[in-house]
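**Q** Here it is: the structure, laid out below.
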Amino acid sequence: MEVVNGTAGWLFVGVGNPLRQFRGPYMSSGPVIETQLRIRYAETDAMGIVYHSNYIIWFEVGRGEYFWQQGMNYAQWEQQGVYFPVSEVSARFLAPARYGDLVTVRTWVQEKRSREVTFAYEVLMGDTGQRLATGWTKHLCVNGEGQVVIIPAKLSSLLRPREES
């Protein structure tokens with residue numbers, strides 16, 4: 001497993017065994033990318049737990065790492081006039097995380113269509129593997145003018161959905 005130190009205190013962890021400790025319904029095909037991070041004080045609320053909007057930010061961190069691990073990143077696609085704005089988002093919170101906890105964000109492609117892709121996420125407590133949150137984001141493929149377009153073939157080949165078991 002490759003470990004790369006990121007910026008702003010983030011620690012990115014590369015692809016491990018995609019079936020290891022996975023508890024979701026998607027069990028085969030495309031990769032699951034694991035990204036670990038330590039909860040910062042600024043991410044917590046007055047009750048000392050992670051504020052809910054931070055999970056959406058962590059989904060984006062996992063999604064960005066998904067592209068890095070596939071050999072491309074958002075900036076490279078944007079230079080080619082390809083953008084993926086979020087069109088829908090969903091999150092379900094199952095257990096709290098607190099300042100200093102180490103969590104793992106697991107990211108995979110849940111569904112791919114000709115003009116959209118849905119990423120799924122699972123946030124786990126680092127030391128126990130307890131599921132803290134699950135969610136998904138749907139993205140449209142658009143050009144520089146904001147028009148919905150077909151996902152380019154090279155990018156489409158990197159977006160391999162996990163099959164339902």
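Chain identifiers are assigned as A, B, and so on, following the order in which chains appear in the structure tokens; residues are numbered from 1 within each chain, and ligands are numbered from 1 in order of appearance.
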Would you mind listing what lies within 12 Å of Trp77 (chain A) as a list in words, with only C-alpha atoms counted and same-chain residues fewer than 5 positions away left out?

**A** Gly64, Phe67, Trp68, Gly71, Met72, Val82, Tyr83, Phe84, Cys141, Val142, Asn143, Gly144, Ile151, Pro152, Lys154, Leu155 and Ser156 of chain A

**Q** Next, dump the selected residues to file, keeping only all heavy atoms, as a short mmCIF file (atom, residue, chain, number, x, y, z; two decimals), in the first residue's frame.

**A**
data_model
loop_
_atom_site.label_atom_id
_atom_site.label_comp_id
_atom_site.auth_asym_id
_atom_site.auth_seq_id
_atom_site.Cartn_x
_atom_site.Cartn_y
_atom_site.Cartn_z
N GLY A 64 -11.19 13.02 -5.11
CA GLY A 64 -9.95 13.52 -5.70
C GLY A 64 -8.86 12.47 -5.67
O GLY A 64 -8.12 12.28 -6.66
N PHE A 67 -9.21 9.81 -8.39
CA PHE A 67 -8.64 10.20 -9.68
C PHE A 67 -7.11 10.14 -9.66
O PHE A 67 -6.49 9.66 -10.62
CB PHE A 67 -9.13 11.58 -10.10
CG PHE A 67 -10.52 11.57 -10.66
CD1 PHE A 67 -11.57 12.11 -9.94
CD2 PHE A 67 -10.78 11.01 -11.89
CE1 PHE A 67 -12.86 12.10 -10.44
CE2 PHE A 67 -12.07 10.99 -12.41
CZ PHE A 67 -13.11 11.53 -11.69
N TRP A 68 -6.49 10.60 -8.57
CA TRP A 68 -5.03 10.54 -8.48
C TRP A 68 -4.56 9.09 -8.61
O TRP A 68 -3.59 8.80 -9.31
CB TRP A 68 -4.53 11.12 -7.16
CG TRP A 68 -4.44 12.60 -7.14
CD1 TRP A 68 -5.30 13.48 -6.54
CD2 TRP A 68 -3.44 13.42 -7.76
NE1 TRP A 68 -4.89 14.78 -6.74
CE2 TRP A 68 -3.76 14.77 -7.48
CE3 TRP A 68 -2.30 13.13 -8.51
CZ2 TRP A 68 -2.97 15.83 -7.93
CZ3 TRP A 68 -1.53 14.19 -8.95
CH2 TRP A 68 -1.86 15.50 -8.67
N GLY A 71 -4.35 7.76 -12.01
CA GLY A 71 -3.35 8.35 -12.88
C GLY A 71 -3.69 9.71 -13.45
O GLY A 71 -2.95 10.23 -14.28
N MET A 72 -4.81 10.29 -13.05
CA MET A 72 -5.20 11.62 -13.53
C MET A 72 -5.75 12.40 -12.33
O MET A 72 -6.08 11.82 -11.30
CB MET A 72 -6.28 11.53 -14.60
CG MET A 72 -5.84 10.89 -15.90
SD MET A 72 -4.75 11.91 -16.91
CE MET A 72 -5.88 13.11 -17.57
N VAL A 82 -13.10 19.33 -19.49
CA VAL A 82 -14.03 18.36 -18.91
C VAL A 82 -14.20 18.69 -17.43
O VAL A 82 -13.22 18.78 -16.69
CB VAL A 82 -13.51 16.92 -19.07
CG1 VAL A 82 -14.45 15.92 -18.42
CG2 VAL A 82 -13.31 16.59 -20.54
N TYR A 83 -15.45 18.85 -17.00
CA TYR A 83 -15.76 19.19 -15.61
C TYR A 83 -16.81 18.23 -15.06
O TYR A 83 -17.61 17.69 -15.83
CB TYR A 83 -16.29 20.63 -15.52
CG TYR A 83 -15.31 21.65 -16.05
CD1 TYR A 83 -15.26 21.95 -17.41
CD2 TYR A 83 -14.44 22.30 -15.19
CE1 TYR A 83 -14.35 22.87 -17.90
CE2 TYR A 83 -13.53 23.22 -15.68
CZ TYR A 83 -13.49 23.50 -17.03
OH TYR A 83 -12.58 24.41 -17.51
N PHE A 84 -16.81 18.04 -13.74
CA PHE A 84 -17.76 17.14 -13.10
C PHE A 84 -18.42 17.82 -11.90
O PHE A 84 -18.15 17.47 -10.75
CB PHE A 84 -17.06 15.86 -12.64
CG PHE A 84 -16.86 14.89 -13.75
CD1 PHE A 84 -15.68 14.85 -14.46
CD2 PHE A 84 -17.87 14.01 -14.11
CE1 PHE A 84 -15.49 13.98 -15.50
CE2 PHE A 84 -17.70 13.12 -15.15
CZ PHE A 84 -16.51 13.10 -15.84
N CYS A 141 -21.12 15.23 -16.44
CA CYS A 141 -19.96 15.61 -17.23
C CYS A 141 -20.37 16.80 -18.09
O CYS A 141 -21.33 16.72 -18.86
CB CYS A 141 -19.50 14.45 -18.11
SG CYS A 141 -18.01 14.81 -19.05
N VAL A 142 -19.67 17.93 -17.92
CA VAL A 142 -19.99 19.13 -18.69
C VAL A 142 -18.73 19.69 -19.33
O VAL A 142 -17.62 19.44 -18.87
CB VAL A 142 -20.69 20.22 -17.82
CG1 VAL A 142 -21.96 19.70 -17.20
CG2 VAL A 142 -19.74 20.75 -16.76
N ASN A 143 -18.94 20.48 -20.39
CA ASN A 143 -17.83 21.15 -21.04
C ASN A 143 -17.64 22.54 -20.43
O ASN A 143 -18.33 22.90 -19.47
CB ASN A 143 -18.04 21.22 -22.56
CG ASN A 143 -19.25 22.04 -22.96
OD1 ASN A 143 -19.78 22.85 -22.20
ND2 ASN A 143 -19.72 21.81 -24.19
N GLY A 144 -16.73 23.31 -20.97
CA GLY A 144 -16.41 24.63 -20.45
C GLY A 144 -17.57 25.61 -20.49
O GLY A 144 -17.58 26.59 -19.75
N ILE A 151 -19.09 11.49 -21.37
CA ILE A 151 -17.79 11.33 -20.70
C ILE A 151 -16.77 10.84 -21.73
O ILE A 151 -17.02 9.85 -22.43
CB ILE A 151 -17.90 10.32 -19.54
CG1 ILE A 151 -18.89 10.81 -18.49
CG2 ILE A 151 -16.52 10.07 -18.91
CD1 ILE A 151 -19.22 9.79 -17.41
N PRO A 152 -15.61 11.53 -21.87
CA PRO A 152 -14.59 11.09 -22.82
C PRO A 152 -14.16 9.64 -22.57
O PRO A 152 -14.10 9.18 -21.41
CB PRO A 152 -13.43 12.05 -22.58
CG PRO A 152 -14.06 13.25 -21.97
CD PRO A 152 -15.21 12.74 -21.16
N LYS A 154 -11.33 8.00 -22.59
CA LYS A 154 -10.20 7.75 -21.69
C LYS A 154 -10.62 7.86 -20.23
O LYS A 154 -10.26 7.03 -19.40
CB LYS A 154 -9.06 8.72 -21.99
CG LYS A 154 -7.82 8.47 -21.14
CD LYS A 154 -6.68 9.39 -21.51
CE LYS A 154 -5.48 9.12 -20.63
NZ LYS A 154 -4.38 10.04 -20.90
N LEU A 155 -11.42 8.87 -19.93
CA LEU A 155 -11.91 9.05 -18.57
C LEU A 155 -12.90 7.95 -18.21
O LEU A 155 -12.87 7.39 -17.12
CB LEU A 155 -12.55 10.43 -18.40
CG LEU A 155 -13.17 10.74 -17.05
CD1 LEU A 155 -12.17 10.53 -15.92
CD2 LEU A 155 -13.71 12.15 -17.04
N SER A 156 -13.77 7.62 -19.14
CA SER A 156 -14.76 6.57 -18.89
C SER A 156 -14.10 5.26 -18.52
O SER A 156 -14.59 4.52 -17.65
CB SER A 156 -15.65 6.40 -20.13
OG SER A 156 -16.67 5.48 -19.86
#

**Q** So which residues touch region 110-127 of chain A within 6 Å, counting only C-alpha atoms, skipping near sequence neighbours fewer than 4 positions away, as a list of chain:residue names?

**A**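 With the cut-off at 6 Å, the set is A:Leu102, A:Val103, A:Thr104, A:Val105, A:Arg106, A:Arg131, A:Leu132, A:Ala133, A:Thr134, A:Gly135, A:Trp136, A:Thr137, A:Lys138, A:His139, A:Leu140, A:Cys141, A:Val149, A:Ile150, A:Ile151, A:Pro161, A:Arg162.
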
**Q** Using CA of Gly81 (chain A) and CA of Leu158 (chain A) as the two end points, give the distance in Å to one decimal.

**A**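 These atoms are spaced 17.2 Å apart.
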
**Q** Out of chain A, which residues get strand (DSSP E) from DSSP, as a ChimeraX atom specification?

**A** /A:3-5,11-13,26-29,33-38,86-93,102-112,116-125,131-140,162-164

**Q** Can you pull out every residue from region 4-164 of chain A that DSSP, working from the backbone, puts in alpha helix (DSSP H), and format the result as number ranges by chain?

**A** A: 53-69, 74-79, 153-158

**Q** What does the file look like for those residues with N, CA, C and O atoms, as a CSV table (one decimal), in the first residue's frame?

**A**
chain,number,residue,atom,x,y,z
A,53,SER,N,-21.3,18.9,7.7
A,53,SER,CA,-20.8,19.3,6.4
A,53,SER,C,-19.4,18.8,6.1
A,53,SER,O,-19.1,18.7,4.9
A,54,ASN,N,-18.6,18.5,7.1
A,54,ASN,CA,-17.3,18.1,6.8
A,54,ASN,C,-17.2,16.7,6.1
A,54,ASN,O,-16.3,16.4,5.4
A,55,TYR,N,-18.3,15.9,6.4
A,55,TYR,CA,-18.3,14.6,5.7
A,55,TYR,C,-18.4,14.8,4.2
A,55,TYR,O,-17.8,14.1,3.4
A,56,ILE,N,-19.1,15.8,3.7
A,56,ILE,CA,-19.2,16.1,2.3
A,56,ILE,C,-17.9,16.5,1.7
A,56,ILE,O,-17.5,16.1,0.6
A,57,ILE,N,-17.1,17.3,2.5
A,57,ILE,CA,-15.8,17.7,2.1
A,57,ILE,C,-14.9,16.5,2.1
A,57,ILE,O,-14.1,16.3,1.1
A,58,TRP,N,-15.0,15.6,3.0
A,58,TRP,CA,-14.2,14.3,3.0
A,58,TRP,C,-14.6,13.5,1.8
A,58,TRP,O,-13.7,12.8,1.2
A,59,PHE,N,-15.8,13.5,1.4
A,59,PHE,CA,-16.2,12.8,0.1
A,59,PHE,C,-15.4,13.3,-1.0
A,59,PHE,O,-14.9,12.6,-1.9
A,60,GLU,N,-15.3,14.6,-1.1
A,60,GLU,CA,-14.6,15.3,-2.2
A,60,GLU,C,-13.1,14.9,-2.1
A,60,GLU,O,-12.4,14.7,-3.1
A,61,VAL,N,-12.5,14.8,-0.9
A,61,VAL,CA,-11.1,14.4,-0.8
A,61,VAL,C,-10.9,13.0,-1.3
A,61,VAL,O,-10.0,12.7,-2.0
A,62,GLY,N,-11.9,12.1,-0.9
A,62,GLY,CA,-11.8,10.7,-1.4
A,62,GLY,C,-11.9,10.6,-2.9
A,62,GLY,O,-11.2,9.9,-3.6
A,63,ARG,N,-12.8,11.4,-3.5
A,63,ARG,CA,-13.0,11.5,-4.9
A,63,ARG,C,-11.8,12.0,-5.6
A,63,ARG,O,-11.4,11.4,-6.7
A,64,GLY,N,-11.2,13.0,-5.1
A,64,GLY,CA,-9.9,13.5,-5.7
A,64,GLY,C,-8.9,12.5,-5.7
A,64,GLY,O,-8.1,12.3,-6.7
A,65,GLU,N,-8.7,11.8,-4.6
A,65,GLU,CA,-7.7,10.7,-4.4
A,65,GLU,C,-8.0,9.6,-5.4
A,65,GLU,O,-7.1,8.9,-5.9
A,66,TYR,N,-9.3,9.3,-5.6
A,66,TYR,CA,-9.7,8.3,-6.6
A,66,TYR,C,-9.1,8.6,-7.9
A,66,TYR,O,-8.4,7.7,-8.6
A,67,PHE,N,-9.2,9.8,-8.4
A,67,PHE,CA,-8.6,10.2,-9.7
A,67,PHE,C,-7.1,10.1,-9.7
A,67,PHE,O,-6.5,9.7,-10.6
A,68,TRP,N,-6.5,10.6,-8.6
A,68,TRP,CA,-5.0,10.5,-8.5
A,68,TRP,C,-4.6,9.1,-8.6
A,68,TRP,O,-3.6,8.8,-9.3
A,69,GLN,N,-5.2,8.2,-7.9
A,69,GLN,CA,-4.8,6.8,-7.9
A,69,GLN,C,-5.1,6.1,-9.3
A,69,GLN,O,-4.4,5.1,-9.6
A,74,TYR,N,-8.2,16.2,-11.3
A,74,TYR,CA,-9.2,17.1,-11.7
A,74,TYR,C,-8.6,18.2,-12.6
A,74,TYR,O,-9.2,18.5,-13.7
A,75,ALA,N,-7.5,18.7,-12.2
A,75,ALA,CA,-6.9,19.8,-13.0
A,75,ALA,C,-6.5,19.4,-14.4
A,75,ALA,O,-6.7,20.1,-15.4
A,76,GLN,N,-6.1,18.1,-14.6
A,76,GLN,CA,-5.8,17.6,-15.9
A,76,GLN,C,-7.0,17.5,-16.8
A,76,GLN,O,-7.0,17.9,-18.0
A,77,TRP,N,-8.1,17.1,-16.2
A,77,TRP,CA,-9.4,17.0,-17.0
A,77,TRP,C,-9.9,18.4,-17.3
A,77,TRP,O,-10.4,18.6,-18.4
A,78,GLU,N,-9.8,19.3,-16.4
A,78,GLU,CA,-10.3,20.6,-16.6
A,78,GLU,C,-9.5,21.3,-17.7
A,78,GLU,O,-10.0,22.1,-18.5
A,79,GLN,N,-8.2,21.1,-17.8
A,79,GLN,CA,-7.4,21.6,-18.9
A,79,GLN,C,-7.9,21.1,-20.2
A,79,GLN,O,-7.6,21.8,-21.2
A,153,ALA,N,-13.9,8.9,-23.6
A,153,ALA,CA,-13.5,7.5,-23.5
A,153,ALA,C,-12.4,7.2,-22.6
A,153,ALA,O,-12.5,6.2,-21.8
A,154,LYS,N,-11.3,8.0,-22.6
A,154,LYS,CA,-10.2,7.7,-21.7
A,154,LYS,C,-10.6,7.9,-20.2
A,154,LYS,O,-10.3,7.0,-19.4
A,155,LEU,N,-11.4,8.9,-19.9
A,155,LEU,CA,-11.9,9.0,-18.6
A,155,LEU,C,-12.9,8.0,-18.2
A,155,LEU,O,-12.9,7.4,-17.1
A,156,SER,N,-13.8,7.6,-19.1
A,156,SER,CA,-14.8,6.6,-18.9
A,156,SER,C,-14.1,5.3,-18.5
A,156,SER,O,-14.6,4.5,-17.7
A,157,SER,N,-13.0,5.0,-19.1
A,157,SER,CA,-12.3,3.7,-18.8
A,157,SER,C,-11.7,3.7,-17.4
A,157,SER,O,-11.5,2.6,-16.9
A,158,LEU,N,-11.5,4.8,-16.8
A,158,LEU,CA,-11.0,4.9,-15.4
A,158,LEU,C,-12.1,4.8,-14.4
A,158,LEU,O,-11.9,4.5,-13.2
